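First comes the structure, then the notes that go with it.
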Amino acid sequence: MACSGAQNIAIPTPAPIVAATLTQIPFAPQATPCGTTFIRHELPHLTAGDPAGTYVYASNGSGLAVGDLNGDGNDDIIFGNIAGTATLYLNDGQMHFTPITTDLTDVRALAIVDTDGDGKPEVVATQRFRRPVIGEFKNDTLIFHDMPDVFSSFYAMNWHDLNGDGKLDVVFGTYDTEQLQHQGLIFNERGGGGVFIYYRNGDGYRAERLNEHADALAIAFPDINHDGISDILVGNDFNRRDMAWIATPTGWQSIEPFSQTTENTMSLDVADVFNTGTNAIFATDMKPYNQDVKTMADWLPAMKKLSRPLTADDPQYPENTLQVWKNGQWQNQAYNLQIDASGWSWSGKFGDLDNDGWQDLYIVNGMVAKDLLSYLPKNQIAEPDMLFVNNAGQKFTRADWGLSDSGSGRAMTMVDLNHDGRLDVVVNPMDGHAVIYENQRCAGNSIELRLVQPHSANPTAIGATVRISAGGQHMMRDVREASGYLSGESATIHFGIGSATNADAITITWPDGSVSHIDNIPSNTLTTITRTE
């Protein structure tokens with residue numbers, strides 16, 4: 001785990017204006033008559049913990065990722081596994097999927113990302129007790145090899161250009177509590193764990209260690225101090241405080257920006273929840289939605305095993321948080337919006353699931369563990385997944401829409417799999433079959449955008465920000481590789497625009513700070529925006 005010292009951070013100068021060309025494809029026709037719910041499709045892939053029963057740590061499950069691996073314009077899906085092997089599903093764009101088996105096992109996080117900038121994305125996987133691997137898709141086969149210059153095992157990861165050189169870097173975080181149980185004190189004697197940046201350096205990577213300890217389940221890149229530069233946020237499990245670093249001209253500076261945080265951070269998402277052009281930061285934790293006698297009887301024995309004494313100045317609370325930038329500081333608004341409790345929660349993400357122009361919140365829940373929950377039938381806390389509908393930024397209302405499964409979900413992401421302009425939902429549960437929820441709701445209009453940077457080491461423009469005006473609303477999205485819990489995202493970004501027939505104005509801030517302005521993109525189209533110099 002040798003490191004090569006701190007990395008200077010490139011601070012953007014005033015943004016130049018760059019031109020872009022557009023290619024537009026109309027969405028596929030929506031089903032007639034359309035419905036009011038999501039349709040559940042179960043896939044053969046089964047994520048399993050152990051034949052003898054799933055125990056703690058294995059019960060954390062495995063990730064998933066979406067992305068266009070074979071270059072046909074459709075987002076494919078790869079599901080990780082613990083005891084079994086990962087499965088890739090090639091998508092034909094019409095909700096038909098061809099499974100491709102792999103020999104990859106014991107997977108935590110997954111990403112479909114172009115790591116080397118050659119225009120062909122790869123699959124990257126972290127594994128429980130070995131170094132990360134990179135899979136190249138050739139001849140309908142994924143061929144994996146060890147990631148160069150990375151020799152430790154990691155849990156969470158996320159990709160971003162962190163030093164402004166145009167190449168994608170990766171932040172990894174270890175899960176020390178599991179490693180200590182597996183390796184004992186030799187884990188510390190061999191260098192321990194922590195949070196690392198691996199900067200792309202030629203054909204390999206150069207490491208910078210930000211912290212020597214971590215129990216990282218999620219990593220995100222919000223602009224914490226609102227200076228226009230992405231920062232680093234790491235969500236930790238087991239009462240370990242979350243960690244944050246802001247970018248400065250001389251390197252990364254550790255800060256504690258939040259007065260209240262989750263106690264066991266399972267998931268992180270960054271989203272423009274209120275259509276203000278400013279992102280909020282959402283984190284999930286473990287707090288039962290219902291607090292009746294039976295629910296608390298199911299929960300309390302396990303929580304007593306997991307709880308640790310906290311100091312009086314500890315900002316951590318066992319509940320979801322929504323950090324909102326207000327009056328120059330971050331304030332937790334989850335309780336006011338009634339999204340503080342959603343169960344034993346894992347991946348939680350925002351997406352406009354009804355195309356009304358406001359991002360809704362979906363969270364997958366549940367826990368199964370033979371040692372922790374031995375007092376319960378099937379060693380399981382079975383809870384419904386939670387959908388909270390965003391009511392014009394004023395409040396969130398719980399709804400069903402066919403998404404209230406009780407299948408112990410872990411990884412989850414949202415993506416339009418069949419080009420109809422509606423976000424579908426993909427879930428990788430624990431001890432259960434992978435699920436696709438096809439969005440068949442009668443929804444409003446939408447637009448989807450793909451950004452392309454030709455001749456760039458970051459061809460899909462990860463880190464770009466898009467702002468649009470449509471139907472009197474102003475919305476913002478960004479291109480990212482991952483969010484939630486162990487969940488890789490599509491490079492295609494989605495805007496619901498309600499009854500509006502076009503986006504009046506679009507402003508793209510590319511990863512290097514350059515800006516493109518586009519007017520009047522029609523609704524119900526997939527628009528590829530290619531940067532030109």
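Letters for chains follow the order of the structure tokens (A, B, ...), residue numbers begin at 1 for each chain, and ligand numbers begin at 1 in the order shown.
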Requested in this report: Do a neighbour search on range 501-511 of chain A at 9 Å with only C-alpha atoms, toss out local chain neighbours closer than 2 positions, and write the hits as a ChimeraX atom specification.
Outcome: /A:15,161,164,166,445-447,451,453,458,461-471,497-499,513-524,531
Query - Spatial neighbours of range 332-346 of chain A, 9 Å, only C-alpha atoms, chain gap at least 3 places, as a PyMOL selection string - result: chain A and resi 60+258-261+265-267+282+284-290+319-325+361+363-367+381+383-386+388+394-397+408-412+484-485
Per DSSP on the backbone, what are the strand (DSSP E or B) residues of range 130-260 of chain A, as a PDB file with N, CA, C and O atoms, in the first residue's frame?
ATOM      1  N   VAL A 133     -10.169  -6.342 -10.016  1.00  0.00           N
ATOM      2  CA  VAL A 133      -9.907  -6.884 -11.345  1.00  0.00           C
ATOM      3  C   VAL A 133     -10.643  -6.057 -12.392  1.00  0.00           C
ATOM      4  O   VAL A 133     -11.634  -5.394 -12.098  1.00  0.00           O
ATOM      5  N   ILE A 134     -10.125  -6.125 -13.621  1.00  0.00           N
ATOM      6  CA  ILE A 134     -10.720  -5.446 -14.763  1.00  0.00           C
ATOM      7  C   ILE A 134     -11.070  -6.496 -15.804  1.00  0.00           C
ATOM      8  O   ILE A 134     -10.238  -7.359 -16.136  1.00  0.00           O
ATOM      9  N   GLY A 135     -12.302  -6.447 -16.301  1.00  0.00           N
ATOM     10  CA  GLY A 135     -12.768  -7.405 -17.294  1.00  0.00           C
ATOM     11  C   GLY A 135     -12.962  -6.762 -18.651  1.00  0.00           C
ATOM     12  O   GLY A 135     -13.685  -5.765 -18.769  1.00  0.00           O
ATOM     13  N   GLU A 136     -12.337  -7.317 -19.678  1.00  0.00           N
ATOM     14  CA  GLU A 136     -12.496  -6.846 -21.051  1.00  0.00           C
ATOM     15  C   GLU A 136     -13.472  -7.760 -21.780  1.00  0.00           C
ATOM     16  O   GLU A 136     -13.371  -8.988 -21.691  1.00  0.00           O
ATOM     17  N   PHE A 137     -14.404  -7.136 -22.507  1.00  0.00           N
ATOM     18  CA  PHE A 137     -15.436  -7.893 -23.213  1.00  0.00           C
ATOM     19  C   PHE A 137     -14.976  -8.164 -24.639  1.00  0.00           C
ATOM     20  O   PHE A 137     -14.870  -7.253 -25.459  1.00  0.00           O
ATOM     21  N   LYS A 138     -14.692  -9.422 -24.944  1.00  0.00           N
ATOM     22  CA  LYS A 138     -14.218  -9.826 -26.261  1.00  0.00           C
ATOM     23  C   LYS A 138     -14.888 -11.132 -26.647  1.00  0.00           C
ATOM     24  O   LYS A 138     -14.924 -12.077 -25.852  1.00  0.00           O
ATOM     25  N   THR A 141     -17.319 -12.714 -24.335  1.00  0.00           N
ATOM     26  CA  THR A 141     -16.741 -13.265 -23.109  1.00  0.00           C
ATOM     27  C   THR A 141     -16.078 -12.141 -22.323  1.00  0.00           C
ATOM     28  O   THR A 141     -15.470 -11.234 -22.910  1.00  0.00           O
ATOM     29  N   LEU A 142     -16.208 -12.190 -21.009  1.00  0.00           N
ATOM     30  CA  LEU A 142     -15.484 -11.268 -20.136  1.00  0.00           C
ATOM     31  C   LEU A 142     -14.205 -11.948 -19.663  1.00  0.00           C
ATOM     32  O   LEU A 142     -14.248 -12.999 -19.021  1.00  0.00           O
ATOM     33  N   ILE A 143     -13.076 -11.336 -19.986  1.00  0.00           N
ATOM     34  CA  ILE A 143     -11.777 -11.869 -19.594  1.00  0.00           C
ATOM     35  C   ILE A 143     -11.189 -10.931 -18.545  1.00  0.00           C
ATOM     36  O   ILE A 143     -10.921  -9.758 -18.825  1.00  0.00           O
ATOM     37  N   PHE A 144     -10.994 -11.434 -17.332  1.00  0.00           N
ATOM     38  CA  PHE A 144     -10.563 -10.597 -16.215  1.00  0.00           C
ATOM     39  C   PHE A 144      -9.059 -10.716 -15.978  1.00  0.00           C
ATOM     40  O   PHE A 144      -8.461 -11.783 -16.145  1.00  0.00           O
ATOM     41  N   HIS A 145      -8.473  -9.590 -15.572  1.00  0.00           N
ATOM     42  CA  HIS A 145      -7.073  -9.568 -15.154  1.00  0.00           C
ATOM     43  C   HIS A 145      -6.940  -8.612 -13.979  1.00  0.00           C
ATOM     44  O   HIS A 145      -7.803  -7.742 -13.759  1.00  0.00           O
ATOM     45  N   ASP A 146      -5.887  -8.759 -13.219  1.00  0.00           N
ATOM     46  CA  ASP A 146      -5.683  -7.900 -12.051  1.00  0.00           C
ATOM     47  C   ASP A 146      -5.506  -6.449 -12.475  1.00  0.00           C
ATOM     48  O   ASP A 146      -4.866  -6.142 -13.502  1.00  0.00           O
ATOM     49  N   ALA A 156     -15.696  -0.494  -1.361  1.00  0.00           N
ATOM     50  CA  ALA A 156     -16.378   0.526  -2.161  1.00  0.00           C
ATOM     51  C   ALA A 156     -15.417   1.166  -3.148  1.00  0.00           C
ATOM     52  O   ALA A 156     -14.205   1.216  -2.923  1.00  0.00           O
ATOM     53  N   MET A 157     -15.978   1.681  -4.261  1.00  0.00           N
ATOM     54  CA  MET A 157     -15.171   2.440  -5.221  1.00  0.00           C
ATOM     55  C   MET A 157     -16.071   3.421  -5.975  1.00  0.00           C
ATOM     56  O   MET A 157     -17.278   3.251  -6.045  1.00  0.00           O
ATOM     57  N   ASN A 158     -15.422   4.439  -6.546  1.00  0.00           N
ATOM     58  CA  ASN A 158     -16.095   5.350  -7.459  1.00  0.00           C
ATOM     59  C   ASN A 158     -15.034   6.018  -8.320  1.00  0.00           C
ATOM     60  O   ASN A 158     -13.887   6.181  -7.889  1.00  0.00           O
ATOM     61  N   TRP A 159     -15.427   6.414  -9.549  1.00  0.00           N
ATOM     62  CA  TRP A 159     -14.500   6.907 -10.556  1.00  0.00           C
ATOM     63  C   TRP A 159     -14.795   8.367 -10.896  1.00  0.00           C
ATOM     64  O   TRP A 159     -15.949   8.765 -11.026  1.00  0.00           O
ATOM     65  N   HIS A 160     -13.710   9.141 -11.080  1.00  0.00           N
ATOM     66  CA  HIS A 160     -13.843  10.576 -11.357  1.00  0.00           C
ATOM     67  C   HIS A 160     -12.454  11.091 -11.750  1.00  0.00           C
ATOM     68  O   HIS A 160     -11.438  10.502 -11.370  1.00  0.00           O
ATOM     69  N   ASP A 169      -9.683   8.761 -12.538  1.00  0.00           N
ATOM     70  CA  ASP A 169      -9.049   8.195 -11.359  1.00  0.00           C
ATOM     71  C   ASP A 169     -10.101   7.412 -10.582  1.00  0.00           C
ATOM     72  O   ASP A 169     -11.295   7.494 -10.868  1.00  0.00           O
ATOM     73  N   VAL A 170      -9.662   6.676  -9.562  1.00  0.00           N
ATOM     74  CA  VAL A 170     -10.606   5.887  -8.775  1.00  0.00           C
ATOM     75  C   VAL A 170     -10.284   6.063  -7.295  1.00  0.00           C
ATOM     76  O   VAL A 170      -9.118   6.117  -6.893  1.00  0.00           O
ATOM     77  N   VAL A 171     -11.336   6.182  -6.494  1.00  0.00           N
ATOM     78  CA  VAL A 171     -11.208   6.181  -5.039  1.00  0.00           C
ATOM     79  C   VAL A 171     -11.698   4.830  -4.532  1.00  0.00           C
ATOM     80  O   VAL A 171     -12.806   4.400  -4.861  1.00  0.00           O
ATOM     81  N   PHE A 172     -10.857   4.160  -3.749  1.00  0.00           N
ATOM     82  CA  PHE A 172     -11.204   2.891  -3.126  1.00  0.00           C
ATOM     83  C   PHE A 172     -11.278   3.073  -1.613  1.00  0.00           C
ATOM     84  O   PHE A 172     -10.521   3.857  -1.030  1.00  0.00           O
ATOM     85  N   GLY A 173     -12.163   2.303  -0.979  1.00  0.00           N
ATOM     86  CA  GLY A 173     -12.222   2.261   0.479  1.00  0.00           C
ATOM     87  C   GLY A 173     -12.268   0.828   0.962  1.00  0.00           C
ATOM     88  O   GLY A 173     -12.939  -0.028   0.368  1.00  0.00           O
ATOM     89  N   TYR A 175     -12.927  -2.223   3.970  1.00  0.00           N
ATOM     90  CA  TYR A 175     -13.943  -2.583   4.971  1.00  0.00           C
ATOM     91  C   TYR A 175     -13.197  -3.293   6.093  1.00  0.00           C
ATOM     92  O   TYR A 175     -13.144  -4.512   6.160  1.00  0.00           O
ATOM     93  N   VAL A 195      -8.669   4.757   2.953  1.00  0.00           N
ATOM     94  CA  VAL A 195      -9.200   5.376   1.741  1.00  0.00           C
ATOM     95  C   VAL A 195      -8.023   5.782   0.859  1.00  0.00           C
ATOM     96  O   VAL A 195      -7.094   6.451   1.324  1.00  0.00           O
ATOM     97  N   PHE A 196      -8.076   5.370  -0.400  1.00  0.00           N
ATOM     98  CA  PHE A 196      -6.991   5.623  -1.343  1.00  0.00           C
ATOM     99  C   PHE A 196      -7.537   6.235  -2.627  1.00  0.00           C
ATOM    100  O   PHE A 196      -8.605   5.850  -3.100  1.00  0.00           O
ATOM    101  N   ILE A 197      -6.782   7.170  -3.184  1.00  0.00           N
ATOM    102  CA  ILE A 197      -6.990   7.593  -4.565  1.00  0.00           C
ATOM    103  C   ILE A 197      -5.928   6.913  -5.412  1.00  0.00           C
ATOM    104  O   ILE A 197      -4.738   6.925  -5.064  1.00  0.00           O
ATOM    105  N   TYR A 198      -6.350   6.316  -6.518  1.00  0.00           N
ATOM    106  CA  TYR A 198      -5.415   5.808  -7.514  1.00  0.00           C
ATOM    107  C   TYR A 198      -5.567   6.672  -8.766  1.00  0.00           C
ATOM    108  O   TYR A 198      -6.563   6.602  -9.477  1.00  0.00           O
ATOM    109  N   TYR A 199      -4.539   7.511  -9.000  1.00  0.00           N
ATOM    110  CA  TYR A 199      -4.539   8.404 -10.151  1.00  0.00           C
ATOM    111  C   TYR A 199      -4.034   7.644 -11.376  1.00  0.00           C
ATOM    112  O   TYR A 199      -3.028   6.934 -11.309  1.00  0.00           O
ATOM    113  N   ARG A 200      -4.737   7.812 -12.492  1.00  0.00           N
ATOM    114  CA  ARG A 200      -4.272   7.205 -13.726  1.00  0.00           C
ATOM    115  C   ARG A 200      -2.913   7.787 -14.099  1.00  0.00           C
ATOM    116  O   ARG A 200      -2.732   9.008 -14.124  1.00  0.00           O
ATOM    117  N   ASN A 201      -1.954   6.888 -14.389  1.00  0.00           N
ATOM    118  CA  ASN A 201      -0.577   7.302 -14.638  1.00  0.00           C
ATOM    119  C   ASN A 201      -0.008   6.410 -15.737  1.00  0.00           C
ATOM    120  O   ASN A 201       0.435   5.307 -15.469  1.00  0.00           O
ATOM    121  N   GLY A 204      -0.779   2.599 -15.913  1.00  0.00           N
ATOM    122  CA  GLY A 204      -1.083   2.108 -14.575  1.00  0.00           C
ATOM    123  C   GLY A 204      -1.630   3.206 -13.684  1.00  0.00           C
ATOM    124  O   GLY A 204      -2.293   4.143 -14.144  1.00  0.00           O
ATOM    125  N   TYR A 205      -1.347   3.100 -12.384  1.00  0.00           N
ATOM    126  CA  TYR A 205      -1.914   4.011 -11.394  1.00  0.00           C
ATOM    127  C   TYR A 205      -0.860   4.385 -10.360  1.00  0.00           C
ATOM    128  O   TYR A 205       0.088   3.631 -10.100  1.00  0.00           O
ATOM    129  N   ARG A 206      -1.043   5.552  -9.769  1.00  0.00           N
ATOM    130  CA  ARG A 206      -0.197   6.050  -8.695  1.00  0.00           C
ATOM    131  C   ARG A 206      -1.083   6.361  -7.506  1.00  0.00           C
ATOM    132  O   ARG A 206      -2.107   7.034  -7.647  1.00  0.00           O
ATOM    133  N   ALA A 207      -0.704   5.873  -6.321  1.00  0.00           N
ATOM    134  CA  ALA A 207      -1.591   5.917  -5.161  1.00  0.00           C
ATOM    135  C   ALA A 207      -1.327   7.111  -4.259  1.00  0.00           C
ATOM    136  O   ALA A 207      -0.182   7.555  -4.101  1.00  0.00           O
ATOM    137  N   GLU A 208      -2.416   7.598  -3.672  1.00  0.00           N
ATOM    138  CA  GLU A 208      -2.343   8.557  -2.570  1.00  0.00           C
ATOM    139  C   GLU A 208      -3.288   8.077  -1.484  1.00  0.00           C
ATOM    140  O   GLU A 208      -4.474   7.852  -1.735  1.00  0.00           O
ATOM    141  N   ARG A 209      -2.778   7.938  -0.276  1.00  0.00           N
ATOM    142  CA  ARG A 209      -3.588   7.457   0.848  1.00  0.00           C
ATOM    143  C   ARG A 209      -4.150   8.647   1.610  1.00  0.00           C
ATOM    144  O   ARG A 209      -3.419   9.502   2.088  1.00  0.00           O
ATOM    145  N   LEU A 210      -5.480   8.697   1.726  1.00  0.00           N
ATOM    146  CA  LEU A 210      -6.131   9.790   2.430  1.00  0.00           C
ATOM    147  C   LEU A 210      -6.386   9.483   3.896  1.00  0.00           C
ATOM    148  O   LEU A 210      -6.459  10.399   4.717  1.00  0.00           O
ATOM    149  N   ASN A 211      -6.580   8.212   4.227  1.00  0.00           N
ATOM    150  CA  ASN A 211      -6.840   7.829   5.620  1.00  0.00           C
ATOM    151  C   ASN A 211      -6.407   6.385   5.813  1.00  0.00           C
ATOM    152  O   ASN A 211      -6.486   5.583   4.889  1.00  0.00           O
ATOM    153  N   ASP A 215     -14.399   1.813   7.017  1.00  0.00           N
ATOM    154  CA  ASP A 215     -15.397   0.756   6.839  1.00  0.00           C
ATOM    155  C   ASP A 215     -16.349   1.251   5.755  1.00  0.00           C
ATOM    156  O   ASP A 215     -17.538   1.449   5.971  1.00  0.00           O
ATOM    157  N   ALA A 216     -15.782   1.453   4.566  1.00  0.00           N
ATOM    158  CA  ALA A 216     -16.445   2.198   3.502  1.00  0.00           C
ATOM    159  C   ALA A 216     -17.445   1.333   2.750  1.00  0.00           C
ATOM    160  O   ALA A 216     -17.083   0.307   2.180  1.00  0.00           O
ATOM    161  N   LEU A 217     -18.700   1.770   2.751  1.00  0.00           N
ATOM    162  CA  LEU A 217     -19.742   1.139   1.955  1.00  0.00           C
ATOM    163  C   LEU A 217     -20.146   1.982   0.753  1.00  0.00           C
ATOM    164  O   LEU A 217     -20.777   1.460  -0.175  1.00  0.00           O
ATOM    165  N   ALA A 218     -19.811   3.265   0.735  1.00  0.00           N
ATOM    166  CA  ALA A 218     -20.229   4.133  -0.364  1.00  0.00           C
ATOM    167  C   ALA A 218     -19.269   5.308  -0.485  1.00  0.00           C
ATOM    168  O   ALA A 218     -18.720   5.787   0.513  1.00  0.00           O
ATOM    169  N   ILE A 219     -19.082   5.762  -1.732  1.00  0.00           N
ATOM    170  CA  ILE A 219     -18.202   6.893  -2.032  1.00  0.00           C
ATOM    171  C   ILE A 219     -18.911   7.798  -3.034  1.00  0.00           C
ATOM    172  O   ILE A 219     -19.513   7.316  -3.998  1.00  0.00           O
ATOM    173  N   ALA A 220     -18.856   9.102  -2.804  1.00  0.00           N
ATOM    174  CA  ALA A 220     -19.495  10.065  -3.706  1.00  0.00           C
ATOM    175  C   ALA A 220     -18.586  11.273  -3.878  1.00  0.00           C
ATOM    176  O   ALA A 220     -17.634  11.473  -3.112  1.00  0.00           O
ATOM    177  N   ILE A 232     -14.590  14.780  -2.105  1.00  0.00           N
ATOM    178  CA  ILE A 232     -14.689  13.348  -1.834  1.00  0.00           C
ATOM    179  C   ILE A 232     -15.442  13.131  -0.532  1.00  0.00           C
ATOM    180  O   ILE A 232     -15.115  13.738   0.496  1.00  0.00           O
ATOM    181  N   LEU A 233     -16.453  12.248  -0.562  1.00  0.00           N
ATOM    182  CA  LEU A 233     -17.212  11.880   0.629  1.00  0.00           C
ATOM    183  C   LEU A 233     -17.250  10.360   0.714  1.00  0.00           C
ATOM    184  O   LEU A 233     -17.610   9.685  -0.248  1.00  0.00           O
ATOM    185  N   VAL A 234     -16.878   9.826   1.875  1.00  0.00           N
ATOM    186  CA  VAL A 234     -16.856   8.384   2.112  1.00  0.00           C
ATOM    187  C   VAL A 234     -17.809   8.060   3.253  1.00  0.00           C
ATOM    188  O   VAL A 234     -17.693   8.624   4.346  1.00  0.00           O
ATOM    189  N   GLY A 235     -18.771   7.164   2.991  1.00  0.00           N
ATOM    190  CA  GLY A 235     -19.716   6.731   4.004  1.00  0.00           C
ATOM    191  C   GLY A 235     -19.249   5.453   4.662  1.00  0.00           C
ATOM    192  O   GLY A 235     -18.981   4.452   3.975  1.00  0.00           O
ATOM    193  N   ASN A 236     -19.139   5.455   5.997  1.00  0.00           N
ATOM    194  CA  ASN A 236     -18.601   4.324   6.753  1.00  0.00           C
ATOM    195  C   ASN A 236     -19.661   3.606   7.575  1.00  0.00           C
ATOM    196  O   ASN A 236     -20.584   4.223   8.110  1.00  0.00           O
ATOM    197  N   MET A 243     -16.197  10.349   6.271  1.00  0.00           N
ATOM    198  CA  MET A 243     -15.004  11.147   6.000  1.00  0.00           C
ATOM    199  C   MET A 243     -15.227  12.017   4.770  1.00  0.00           C
ATOM    200  O   MET A 243     -15.871  11.583   3.812  1.00  0.00           O
ATOM    201  N   ALA A 244     -14.690  13.224   4.807  1.00  0.00           N
ATOM    202  CA  ALA A 244     -14.825  14.141   3.681  1.00  0.00           C
ATOM    203  C   ALA A 244     -13.518  14.885   3.476  1.00  0.00           C
ATOM    204  O   ALA A 244     -12.822  15.233   4.436  1.00  0.00           O
ATOM    205  N   TRP A 245     -13.208  15.116   2.202  1.00  0.00           N
ATOM    206  CA  TRP A 245     -12.029  15.889   1.819  1.00  0.00           C
ATOM    207  C   TRP A 245     -12.434  16.890   0.748  1.00  0.00           C
ATOM    208  O   TRP A 245     -13.151  16.536  -0.202  1.00  0.00           O
ATOM    209  N   ILE A 246     -11.996  18.132   0.892  1.00  0.00           N
ATOM    210  CA  ILE A 246     -12.227  19.136  -0.142  1.00  0.00           C
ATOM    211  C   ILE A 246     -10.936  19.348  -0.918  1.00  0.00           C
ATOM    212  O   ILE A 246      -9.826  19.204  -0.392  1.00  0.00           O
ATOM    213  N   ALA A 247     -11.107  19.693  -2.202  1.00  0.00           N
ATOM    214  CA  ALA A 247      -9.962  19.934  -3.069  1.00  0.00           C
ATOM    215  C   ALA A 247      -9.410  21.336  -2.827  1.00  0.00           C
ATOM    216  O   ALA A 247     -10.160  22.317  -2.806  1.00  0.00           O
ATOM    217  N   THR A 248      -8.108  21.447  -2.626  1.00  0.00           N
ATOM    218  CA  THR A 248      -7.423  22.731  -2.504  1.00  0.00           C
ATOM    219  C   THR A 248      -6.257  22.727  -3.495  1.00  0.00           C
ATOM    220  O   THR A 248      -5.856  21.663  -3.979  1.00  0.00           O
ATOM    221  N   GLY A 251      -3.680  20.162  -2.463  1.00  0.00           N
ATOM    222  CA  GLY A 251      -4.049  18.777  -2.176  1.00  0.00           C
ATOM    223  C   GLY A 251      -5.382  18.679  -1.465  1.00  0.00           C
ATOM    224  O   GLY A 251      -6.158  19.637  -1.400  1.00  0.00           O
ATOM    225  N   TRP A 252      -5.636  17.504  -0.892  1.00  0.00           N
ATOM    226  CA  TRP A 252      -6.925  17.214  -0.266  1.00  0.00           C
ATOM    227  C   TRP A 252      -6.891  17.558   1.218  1.00  0.00           C
ATOM    228  O   TRP A 252      -6.004  17.118   1.948  1.00  0.00           O
ATOM    229  N   GLN A 253      -7.882  18.331   1.637  1.00  0.00           N
ATOM    230  CA  GLN A 253      -7.978  18.774   3.032  1.00  0.00           C
ATOM    231  C   GLN A 253      -9.155  18.083   3.707  1.00  0.00           C
ATOM    232  O   GLN A 253     -10.299  18.187   3.249  1.00  0.00           O
ATOM    233  N   SER A 254      -8.909  17.384   4.807  1.00  0.00           N
ATOM    234  CA  SER A 254      -9.952  16.688   5.550  1.00  0.00           C
ATOM    235  C   SER A 254     -10.813  17.689   6.315  1.00  0.00           C
ATOM    236  O   SER A 254     -10.300  18.600   6.975  1.00  0.00           O
ATOM    237  N   ILE A 255     -12.145  17.520   6.215  1.00  0.00           N
ATOM    238  CA  ILE A 255     -13.067  18.392   6.936  1.00  0.00           C
ATOM    239  C   ILE A 255     -14.222  17.555   7.486  1.00  0.00           C
ATOM    240  O   ILE A 255     -14.423  16.405   7.093  1.00  0.00           O
TER     241      ILE A 255
END
Query raised in the report: Interatomic distance between CA of Ala65 in chain A and CA of Asp103 in chain A?
Result: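 Interatomic distance here is 16.8 Å.
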Query raised in the report: Between CA of Asn264 in chain A and CA of Pro318 in chain A, what is the distance, to one decimal in Å?
Result: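 Computing the Euclidean distance for CA of Asn264 in chain A and CA of Pro318 in chain A yields 6.7 Å.
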Report task. Go through A:Ser404, A:Thr23, A:Asn70, A:Thr532 and flag the residue nearest Ile39 in chain A, using only C-alpha atoms for the distances. Result -> A:Ser404
